[in-house]
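This is structure08.tsv (TSV, C-alpha atoms).
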chain	number	residue	atom	x	y	z
Q	1	MET	CA	80.90	-42.27	28.39
Q	2	ARG	CA	79.33	-38.81	28.17
Q	3	SER	CA	82.80	-37.12	28.27
Q	4	ARG	CA	84.08	-39.29	25.41
Q	5	LEU	CA	81.02	-38.40	23.35
Q	6	LEU	CA	81.59	-34.69	23.98
Q	7	TYR	CA	85.33	-35.07	23.17
Q	8	ARG	CA	84.60	-36.72	19.83
Q	9	LEU	CA	81.92	-34.12	19.02
Q	10	ALA	CA	84.34	-31.28	19.81
Q	11	HIS	CA	87.01	-32.75	17.42
Q	12	SER	CA	84.55	-33.74	14.69
Q	13	SER	CA	83.90	-31.91	11.43
Q	14	PRO	CA	81.62	-28.79	11.35
Q	15	VAL	CA	78.95	-30.75	9.47
Q	16	VAL	CA	78.69	-33.33	12.24
Q	17	GLN	CA	78.62	-30.61	14.86
Q	18	GLY	CA	75.74	-28.84	13.01
Q	19	LEU	CA	73.74	-32.02	12.81
Q	20	ALA	CA	74.23	-32.60	16.52
Q	21	VAL	CA	72.94	-29.11	17.36
Q	22	LEU	CA	69.86	-29.68	15.14
Q	23	VAL	CA	69.11	-32.99	16.89
Q	24	VAL	CA	69.30	-31.30	20.29
Q	25	LEU	CA	66.87	-28.56	19.20
Q	26	VAL	CA	64.36	-31.09	17.90
Q	27	LEU	CA	64.51	-33.00	21.18
Q	28	VAL	CA	63.92	-29.83	23.19
Q	29	VAL	CA	60.89	-28.80	21.12
Q	30	GLY	CA	59.45	-32.31	21.37
Q	31	ILE	CA	59.81	-32.34	25.14
Q	32	PHE	CA	58.10	-28.89	25.38
Q	33	GLU	CA	55.13	-29.97	23.27
Q	34	ALA	CA	54.78	-33.22	25.19
Q	35	ASP	CA	54.68	-31.25	28.42
Q	36	ASN	CA	51.86	-29.09	27.06
Q	37	TYR	CA	49.88	-32.11	25.96
Q	38	LEU	CA	50.37	-34.27	29.05
Q	39	PHE	CA	50.31	-31.63	31.81
Q	40	GLY	CA	47.75	-29.17	30.56
Q	41	GLY	CA	50.00	-26.46	29.28
Q	42	LYS	CA	48.20	-23.55	27.64
Q	43	ALA	CA	47.46	-24.18	23.96
Q	44	LYS	CA	48.45	-21.66	21.38
Q	45	PRO	CA	45.39	-19.59	20.43
Q	46	THR	CA	43.99	-20.13	16.95
Q	47	ALA	CA	43.29	-17.04	14.90
Q	48	HIS	CA	39.63	-16.70	13.78
Q	49	HIS	CA	38.77	-14.41	10.88
Q	50	VAL	CA	35.58	-12.44	11.67
Q	51	ALA	CA	33.74	-10.72	8.86
Q	52	ALA	CA	33.34	-7.03	9.45
Q	53	SER	CA	29.76	-5.97	10.28
Q	54	PRO	CA	28.23	-3.79	7.58
Q	55	SER	CA	27.82	-0.17	8.52
Q	56	PRO	CA	24.19	0.84	9.00
Q	57	SER	CA	22.68	2.64	6.05
Q	58	PRO	CA	22.01	6.29	6.71
Q	59	SER	CA	18.38	7.03	7.48
Q	60	PRO	CA	16.56	8.98	4.81
Q	61	SER	CA	16.12	12.60	5.66
Q	62	GLY	CA	12.66	13.92	6.44
Q	63	SER	CA	9.79	12.53	8.48
Q	64	PRO	CA	8.07	9.26	7.57
Q	65	ALA	CA	4.67	9.41	5.89
Q	66	PRO	CA	1.89	9.63	8.48
Q	67	ALA	CA	0.01	6.40	9.05
Q	68	PRO	CA	-3.70	6.21	8.27
Q	69	SER	CA	-6.04	6.97	11.15
Q	70	ALA	CA	-9.10	4.90	12.01
Q	71	SER	CA	-12.61	6.35	11.90
Q	72	PRO	CA	-15.28	5.39	14.50
Q	73	THR	CA	-16.52	2.87	11.93
Q	74	GLY	CA	-13.10	1.17	11.90
Q	75	VAL	CA	-12.35	2.41	8.38
Q	76	GLN	CA	-8.71	3.37	7.84
Q	77	ILE	CA	-8.63	7.00	6.74
Q	78	PRO	CA	-5.62	7.77	4.52
Q	79	VAL	CA	-3.94	11.15	4.58
Q	80	SER	CA	-3.97	11.13	0.78
Q	81	SER	CA	-4.90	8.94	-2.18
Q	82	THR	CA	-3.67	8.66	-5.76
Q	83	VAL	CA	-6.01	9.25	-8.70
Q	84	ALA	CA	-5.19	8.47	-12.34
Q	85	THR	CA	-6.65	9.98	-15.52
Q	86	THR	CA	-6.02	9.29	-19.18
Q	87	SER	CA	-6.08	11.40	-22.33
Q	88	ASP	CA	-7.08	8.52	-24.61
Q	89	PHE	CA	-9.11	5.31	-24.48
Q	90	LEU	CA	-7.33	2.95	-22.14
Q	91	THR	CA	-7.36	-0.84	-21.82
Q	92	ALA	CA	-7.40	-2.28	-18.31
Q	93	TYR	CA	-5.98	-5.79	-17.90
Q	94	GLN	CA	-6.60	-8.55	-15.38
Q	95	SER	CA	-2.90	-8.64	-14.47
Q	96	PRO	CA	0.03	-6.29	-15.15
Q	97	SER	CA	0.71	-7.59	-18.65
Q	98	THR	CA	-0.66	-6.83	-22.09
Q	99	ARG	CA	-0.83	-10.58	-22.63
Q	100	SER	CA	-3.43	-11.01	-19.89
Q	101	HIS	CA	-7.20	-10.77	-20.27
Q	102	ALA	CA	-8.57	-7.30	-21.06
Q	103	VAL	CA	-11.06	-6.43	-18.32
Q	104	SER	CA	-12.43	-3.15	-19.68
Q	105	THR	CA	-11.81	-0.13	-21.88
Q	106	VAL	CA	-11.83	3.17	-20.02
Q	107	ASP	CA	-13.25	6.24	-21.76
Q	108	PRO	CA	-11.04	9.31	-21.13
Q	109	HIS	CA	-14.18	11.35	-20.25
Q	110	ASN	CA	-17.20	10.68	-18.08
Q	111	LEU	CA	-20.77	11.37	-19.24
Q	112	LEU	CA	-20.36	15.07	-18.36
Q	113	GLY	CA	-17.20	15.44	-20.44
Q	114	GLN	CA	-14.97	15.64	-17.35
Q	115	PRO	CA	-11.71	13.64	-17.16
Q	116	THR	CA	-12.49	10.10	-16.03
Q	117	PRO	CA	-10.83	9.48	-12.66
Q	118	MET	CA	-9.58	6.07	-11.55
Q	119	LEU	CA	-8.66	5.38	-7.93
Q	120	VAL	CA	-5.20	3.78	-7.72
Q	121	VAL	CA	-5.07	0.93	-5.20
Q	122	GLY	CA	-1.80	-0.78	-6.15
Q	123	SER	CA	1.26	-0.53	-8.35
Q	124	GLN	CA	4.11	-2.50	-9.90
Q	125	PRO	CA	6.95	-1.21	-12.06
Q	126	GLY	CA	5.29	0.21	-15.15
Q	127	TRP	CA	1.73	-0.57	-14.02
Q	128	ASP	CA	-1.02	0.87	-11.79
Q	129	GLN	CA	-3.93	-1.12	-10.38
Q	130	VAL	CA	-7.16	0.89	-10.39
Q	131	ILE	CA	-10.79	0.53	-9.39
Q	132	LEU	CA	-12.75	0.67	-12.63
Q	133	PRO	CA	-15.64	3.15	-12.83
Q	134	ASP	CA	-19.10	2.44	-14.23
Q	135	HIS	CA	-18.57	-1.32	-14.15
Q	136	LEU	CA	-20.39	-4.23	-12.54
Q	137	PRO	CA	-19.52	-5.85	-10.23
Q	138	ASN	CA	-18.60	-2.66	-8.41
Q	139	ASP	CA	-15.34	-4.00	-7.00
Q	140	THR	CA	-13.88	-4.76	-10.44
Q	141	MET	CA	-10.25	-3.71	-10.70
Q	142	GLY	CA	-7.78	-3.66	-13.55
Q	143	TRP	CA	-4.14	-2.94	-14.35
Q	144	VAL	CA	-3.30	-0.01	-16.63
Q	145	SER	CA	0.01	1.04	-18.11
Q	146	ALA	CA	1.58	3.71	-15.91
Q	147	SER	CA	2.95	5.48	-18.96
Q	148	SER	CA	-0.61	5.89	-20.32
Q	149	VAL	CA	-2.03	7.75	-17.32
Q	150	GLN	CA	-1.41	10.92	-15.37
Q	151	THR	CA	-1.62	10.75	-11.58
Q	152	ALA	CA	-2.51	13.29	-8.92
Q	153	THR	CA	-2.95	13.29	-5.15
Q	154	VAL	CA	-6.24	14.00	-3.38
Q	155	ASN	CA	-6.51	14.63	0.36
Q	156	ASP	CA	-10.29	14.26	0.70
Q	157	PHE	CA	-11.93	11.04	1.87
Q	158	ILE	CA	-15.60	10.25	2.51
Q	159	VAL	CA	-17.11	7.54	4.68
Q	160	VAL	CA	-20.83	6.78	4.40
Q	161	ASP	CA	-22.04	4.74	7.36
Q	162	LEU	CA	-25.33	3.13	6.33
Q	163	ALA	CA	-26.06	1.92	9.85
Q	164	LYS	CA	-25.80	5.45	11.25
Q	165	TYR	CA	-27.27	7.26	8.21
Q	166	GLN	CA	-24.23	9.48	8.28
Q	167	LEU	CA	-21.67	10.89	5.85
Q	168	ASP	CA	-18.25	11.88	7.24
Q	169	HIS	CA	-15.93	14.12	5.26
Q	170	TYR	CA	-12.19	13.88	6.03
Q	171	VAL	CA	-9.34	16.02	4.76
Q	172	SER	CA	-5.71	14.91	5.25
Q	173	GLY	CA	-6.88	12.20	7.64
Q	174	LYS	CA	-8.88	14.54	9.90
Q	175	LEU	CA	-12.67	14.73	10.24
Q	176	VAL	CA	-13.99	18.02	8.89
Q	177	LYS	CA	-17.76	17.58	9.01
Q	178	SER	CA	-20.48	14.94	9.51
Q	179	TYR	CA	-23.86	15.07	7.77
Q	180	PRO	CA	-27.10	13.09	8.21
Q	181	VAL	CA	-28.21	11.24	5.06
Q	182	ALA	CA	-30.92	9.04	3.63
Q	183	ILE	CA	-29.94	5.73	2.03
Q	184	GLY	CA	-31.35	3.03	-0.24
Q	185	ALA	CA	-34.56	1.24	0.64
Q	186	PRO	CA	-34.28	-2.47	1.55
Q	187	ASN	CA	-35.16	-3.65	-1.97
Q	188	THR	CA	-32.86	-1.07	-3.61
Q	189	ALA	CA	-30.09	-0.98	-1.02
Q	190	THR	CA	-27.12	1.33	-1.37
Q	191	PRO	CA	-24.17	-0.85	-2.46
Q	192	GLN	CA	-21.29	-1.16	-0.04
Q	193	GLY	CA	-17.62	-0.98	-0.92
Q	194	MET	CA	-14.81	1.36	-1.89
Q	195	PHE	CA	-15.89	3.78	-4.62
Q	196	PHE	CA	-14.88	7.26	-5.71
Q	197	VAL	CA	-16.39	10.47	-7.07
Q	198	TRP	CA	-16.64	9.85	-10.80
Q	199	ALA	CA	-18.57	12.96	-11.93
Q	200	ILE	CA	-19.77	16.24	-10.39
Q	201	GLN	CA	-22.90	17.98	-11.70
Q	202	PRO	CA	-23.80	21.30	-10.05
Q	203	ASN	CA	-27.38	22.57	-10.39
Q	204	PRO	CA	-28.88	19.38	-11.83
Q	205	GLY	CA	-32.44	20.54	-11.20
Q	206	ALA	CA	-35.11	19.60	-8.65
Q	207	PRO	CA	-35.25	17.52	-6.56
Q	208	TYR	CA	-31.46	16.92	-6.75
Q	209	ASN	CA	-30.21	20.49	-6.27
Q	210	PRO	CA	-27.69	21.84	-5.55
Q	211	VAL	CA	-25.35	19.04	-6.77
Q	212	ILE	CA	-24.99	15.42	-7.75
Q	213	PHE	CA	-21.71	13.68	-6.95
Q	214	GLY	CA	-21.89	10.69	-9.27
Q	215	LEU	CA	-19.98	7.72	-7.86
Q	216	SER	CA	-18.11	4.92	-9.61
Q	217	ALA	CA	-20.73	2.52	-8.21
Q	218	LEU	CA	-23.71	1.13	-10.12
Q	219	SER	CA	-26.86	-0.17	-8.49
Q	220	PRO	CA	-27.21	-3.95	-8.90
Q	221	PHE	CA	-30.98	-3.54	-8.45
Q	222	VAL	CA	-31.84	-0.60	-10.72
Q	223	THR	CA	-30.77	-1.54	-14.23
Q	224	ASN	CA	-33.40	0.22	-16.33
Q	225	TRP	CA	-32.15	3.75	-15.64
Q	226	PRO	CA	-30.17	5.71	-18.21
Q	227	ASP	CA	-26.46	4.95	-17.94
Q	228	GLY	CA	-27.17	1.86	-15.87
Q	229	GLY	CA	-28.31	3.20	-12.50
Q	230	ILE	CA	-25.34	5.27	-11.33
Q	231	VAL	CA	-25.28	5.67	-7.54
Q	232	GLY	CA	-24.72	9.22	-6.38
Q	233	ILE	CA	-24.53	11.52	-3.40
Q	234	HIS	CA	-26.92	14.41	-4.03
Q	235	GLY	CA	-29.20	17.01	-2.55
Q	236	TRP	CA	-32.85	16.24	-1.91
Q	237	SER	CA	-35.59	18.80	-1.51
Q	238	ASP	CA	-37.58	16.78	1.05
Q	239	THR	CA	-35.44	17.06	4.15
Q	240	SER	CA	-37.74	14.79	6.17
Q	241	VAL	CA	-36.18	11.71	4.59
Q	242	GLU	CA	-32.83	12.11	6.37
Q	243	GLY	CA	-32.10	9.15	8.64
Q	244	LYS	CA	-34.34	6.82	6.60
Q	245	ALA	CA	-33.85	4.03	4.07
Q	246	VAL	CA	-36.03	5.33	1.25
Q	247	SER	CA	-33.97	5.96	-1.91
Q	248	ASN	CA	-33.32	3.90	-5.03
Q	249	GLY	CA	-29.76	3.40	-3.82
Q	250	CYS	CA	-28.42	6.96	-3.80
Q	251	ILE	CA	-27.29	8.88	-0.72
Q	252	ARG	CA	-29.57	11.88	-0.17
Q	253	MET	CA	-28.46	15.01	1.67
Q	254	LYS	CA	-30.20	18.15	2.85
Q	255	PRO	CA	-29.73	20.87	0.19
Q	256	ASN	CA	-27.75	23.06	2.59
Q	257	ASP	CA	-25.50	20.16	3.55
Q	258	ALA	CA	-24.91	19.19	-0.08
Q	259	SER	CA	-24.11	22.84	-0.82
Q	260	ALA	CA	-21.59	22.89	2.05
Q	261	LEU	CA	-19.91	19.74	0.70
Q	262	LEU	CA	-19.81	21.23	-2.80
Q	263	ALA	CA	-18.16	24.37	-1.39
Q	264	THR	CA	-15.19	22.31	-0.19
Q	265	ASN	CA	-14.21	21.80	-3.87
Q	266	LEU	CA	-14.33	18.04	-3.53
Q	267	PRO	CA	-12.07	16.75	-6.33
Q	268	LEU	CA	-12.88	14.08	-8.86
Q	269	GLY	CA	-11.50	10.75	-7.71
Q	270	THR	CA	-12.20	11.39	-4.02
Q	271	PRO	CA	-12.50	7.94	-2.36
Q	272	VAL	CA	-15.96	7.12	-0.95
Q	273	ASP	CA	-16.07	4.12	1.39
Q	274	VAL	CA	-19.63	2.92	1.96
Q	275	VAL	CA	-19.90	0.70	5.02
Q	276	ALA	CA	-22.51	-0.61	7.42
Q	277	ALA	CA	-20.82	-0.46	10.80
Q	278	ASP	CA	-22.60	-2.03	13.78
In structure tokens, what does this structure look like?
Amino acid sequence: MRSRLLYRLAHSSPVVQGLAVLVVLVLVVGIFEADNYLFGGKAKPTAHHVAASPSPSPSPSGSPAPAPSASPTGVQIPVSSTVATTSDFLTAYQSPSTRSHAVSTVDPHNLLGQPTPMLVVGSQPGWDQVILPDHLPNDTMGWVSASSVQTATVNDFIVVDLAKYQLDHYVSGKLVKSYPVAIGAPNTATPQGMFFVWAIQPNPGAPYNPVIFGLSALSPFVTNWPDGGIVGIHGWSDTSVEGKAVSNGCIRMKPNDASALLATNLPLGTPVDVVAAD
């Protein structure tokens, strides 16, 4: 039977012979695949396309900015701070938009004719958030147009610890000098918070000589003074008051200590953090 089939295939036309060869090949492939399926033959691996991992971005050259250090009071002492000034009257807004509520208008000069500093505490594209000077409540902040101000960097920082009756002067994050001070009496307490040096008046006269550093803070208790009860750091002729709560809210220093602080050329806008650490 098989020999007759082969004889007929050998004497058949080329077309029939080609079809026979194709049938044989299909049968062989089918048997091979069945063997793989039934008897555990190794499956053909499937190609998986893996996305290439992005190359790491090159690190920026130079050292990172130093982190703030902590004072014994727990206050974070920055290496530097940003101070803004303006050459014209400036509107401060509640949020970074001219459509928001206007919080205050900033005079370009303080009461001594010096450029009015504003401590920058935040920023967004086109806007700077500043602590407003000469404004109650003392922690009032506003947003000013970045294109309307000029900014500078200050490296000085002052911490006044009311609990220790002490003023600490830092430069570039490092403690330079500590001074004993007198502070506000209980009924006219020195306000706490983040302020800054708003005005500097050398030789103001007794008993304040040799200098008054007027702060951005106002006393909430003394409202009948000229200019609204500006809180300041100043000299005081009676040195026996140091370490006591006796003032109307200002921070009193020994004349020699105030003179030493003045000699450091403390810039306008220097941050002054008044705290009461336990």
>> Report, in Å with one decimal, the straight-line distance from atom CA of Lys244 of chain Q to atom CA of Ala182 of chain Q.
In response: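 Between atom CA of Lys244 of chain Q and atom CA of Ala182 of chain Q the gap is 5.0 Å.
Coordinates place atom CA of Leu119 of chain Q at a distance of 9.6 Å from atom CA of Thr151 of chain Q.
Residue nearest Pro133 of chain Q, chosen from Q:Lys164, Q:Lys174, Q:His109, Q:His234 and counting all atoms listed in the file: Q:His109.
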With a distance cut-off of 10 Å and all atoms listed in the file, select the neighbouring residues of Ser97 of chain Q, excluding the residue or stretch itself and same-chain residues fewer than 3 positions from it, and output the selection as a JSON list (two decimals) with C-alpha atoms, in the coordinates of the input.
[["chain", "number", "residue", "atom", "x", "y", "z"],
["Q", 92, "ALA", "CA", -7.40, -2.28, -18.31],
["Q", 93, "TYR", "CA", -5.98, -5.79, -17.90],
["Q", 94, "GLN", "CA", -6.60, -8.55, -15.38],
["Q", 100, "SER", "CA", -3.43, -11.01, -19.89],
["Q", 101, "HIS", "CA", -7.20, -10.77, -20.27],
["Q", 102, "ALA", "CA", -8.57, -7.30, -21.06],
["Q", 126, "GLY", "CA", 5.29, 0.21, -15.15],
["Q", 127, "TRP", "CA", 1.73, -0.57, -14.02],
["Q", 143, "TRP", "CA", -4.14, -2.94, -14.35],
["Q", 144, "VAL", "CA", -3.30, -0.01, -16.63],
["Q", 145, "SER", "CA", 0.01, 1.04, -18.11]]
> By how many Å are atom CA of Pro210 of chain Q and atom CA of Val275 of chain Q apart?
Replying inline: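 Result for atom CA of Pro210 of chain Q versus atom CA of Val275 of chain Q: 24.9 Å, one decimal.
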>> List as a list of chain:residue names the protein and nucleic acid residues near segment 156-161 of chain Q, meaning an atom at most 7 Å away when only C-alpha atoms are counted, but skip any in the same chain fewer than 5 places from it.
In response: Q:Gln166, Q:Leu167, Q:Asp168, Q:His169, Q:Tyr170, Q:Val171, Q:Ser172, Q:Leu266, Q:Thr270, Q:Pro271, Q:Val272, Q:Asp273, Q:Val274, Q:Val275, Q:Ala276, Q:Ala277
> Excluding same-chain residues fewer than 5 positions from Ala263 of chain Q, what lies within 12 Å of it counting only C-alpha atoms, as JSON, numbers by chain?
Replying inline: {"Q": [202, 210, 211, 256, 257, 258]}
> Could you name the residues that touch segment 185-197 of chain Q at 8 Å or less, counting only C-alpha atoms, but leaving out those on the same chain fewer than 6 positions away, as a ChimeraX atom specification?
Replying inline: /Q:117-119,131,138-139,213-222,231,245-251,267-276
>> Just checking: using only C-alpha atoms, which residue out of Q:Val181, Q:Met141, Q:Ile230, Q:Ala199 ends up closest to Pro255 of chain Q?
In response: Q:Val181
> Neighbours of Pro207 of chain Q within 9 Å (all atoms listed in the file; same-chain residues fewer than 5 positions away dropped), as a PyMOL selection string?
Replying inline: chain Q and resi 235-238
